[in-house]
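Take a look at the structure below.
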Amino acid sequence: MKTFDYEHLEIGEDLGTRSIDVTDELVRECALAIESTHEWYLATSPLGGRVAPPTLLDNECLRILDTRYARFGSIHAKQSWQFREPIRVGSRLEVNVRISDKYIRRGKGYFVMTLTATDEKGEVVCTGLHTSVVSLVKKPVEVER
Amino acid sequence: MSGMKLGERLEPLVWTVTQEKINRYSRYALGRDTANIHTDREKATLAGLPGPVAHGRHPVAIVSESMVQDFGAAWVRGGELDMTLTRLIFPGDTLTLEREIVGVSDSDDEKLVTVRITFVNQDGQPVQTGEARVRVSR
């Protein structure tokens, strides 16, 4: 695992890609977590069947980041979404996350992750930008044993 | 759907944050029950926080859901959201979501509607602010 501090985060780094099956269970859990009983998520929609809440993938940036960096919590500063197509129940998505920027503002370090989710046809269903605060203090490199 | 007029205020939403809601979101977010800064006082204190705090993306999802309610398919297929998370949110907070249409631009077949988003706490302090954009067929 890489050390999680400003210096070690690399702009352009591909943090990885994860396949996600948009199952009935996942969509119900998401709807419950965000207190929605919208029929589009639980029954059907005019979009061609059941769909997921557009923010279904809002945990994926940190989940994928945590496969590479030894992070102990972080403060979320900004979140952007561009929803392009409905996320359909039963579909399989490929979700890629990259570190797209890092910067220092008012003495604080920030880094930006870009998420891109594509469906089975390779079409982008949504993109997201997740900006978090990261420590400017260089941490000792952890030695793998 | 709203009348989409400049200056129109969309239906406000009051959202009470409870530890139970935070725990439920955390369970969904992390895929399991864990002790973390959102669910556990000791972990939060260790991180320098006064107590457990809500996940920042939890209210962002609530904002998105309000847009689904008002704009339907136009939001799901083409909505854009930019949110800045300005203050921590704690269990017991009562947040009010305020949304105002601040831009309407017409083209031949659609309107681009820009909505200013403000989530304020019970003390009137903004905890999240931002902008949503949605293209609506004429």
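Please note that chains go A, B, ... in the order of the structure tokens, that every chain numbers its residues from 1, and that ligands are numbered from 1 in the order shown.
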For chain A versus chain B, which residues have an atom no more than 6 Å away, and what is each residue's nearest atom pair and distance in Å rounded to one decimal, using only C-alpha atoms, chain-then-number order, as CSV?
```
residue,atom,partner,partner_atom,distance
A:Ala33,CA,B:Tyr25,CA,4.6
A:Thr55,CA,B:Ala61,CA,5.9
A:Asn59,CA,B:Ala29,CA,5.7
A:His76,CA,B:Gly56,CA,5.9
A:Ala77,CA,B:Leu85,CA,5.0
A:Lys78,CA,B:Thr84,CA,4.4
A:Gln79,CA,B:Met83,CA,5.2
A:Ser80,CA,B:Asp82,CA,4.3
A:Trp81,CA,B:Leu81,CA,5.1
A:Gln82,CA,B:Glu80,CA,4.5
A:Phe83,CA,B:Gly78,CA,5.1
A:Arg84,CA,B:Gly78,CA,4.7
A:Glu85,CA,B:Arg77,CA,4.7
A:Pro86,CA,B:Val76,CA,5.7
```
For this session: Quick one: everything within 8 Å of A:Arg92, counting only C-alpha atoms, minus sequence neighbours fewer than 5 positions away in the same chain. Send it as an MDAnalysis selection string.
Result: chainID A and resid 19:22 119:120
6 Å contact set for B:Thr18, only C-alpha atoms, chain neighbours under 2 positions out, as an mmCIF file with C-alpha atoms, in the first residue's frame:
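Below is the file that was written, selection_11.cif:
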```cif
data_model
loop_
_atom_site.group_PDB
_atom_site.id
_atom_site.type_symbol
_atom_site.label_atom_id
_atom_site.label_comp_id
_atom_site.auth_asym_id
_atom_site.auth_seq_id
_atom_site.Cartn_x
_atom_site.Cartn_y
_atom_site.Cartn_z
ATOM 1 C CA GLU B 20 -29.252 5.834 12.765
ATOM 2 C CA LYS B 21 -29.396 7.394 9.283
ATOM 3 C CA PRO B 91 -26.298 13.720 14.184
ATOM 4 C CA GLY B 92 -29.111 15.869 15.517
#
```
Exercise. In stretch 69-137 of chain B, what's alpha helix (DSSP H) per DSSP? Answer as a ChimeraX atom specification?
Worked result: /B:69-71,73-76
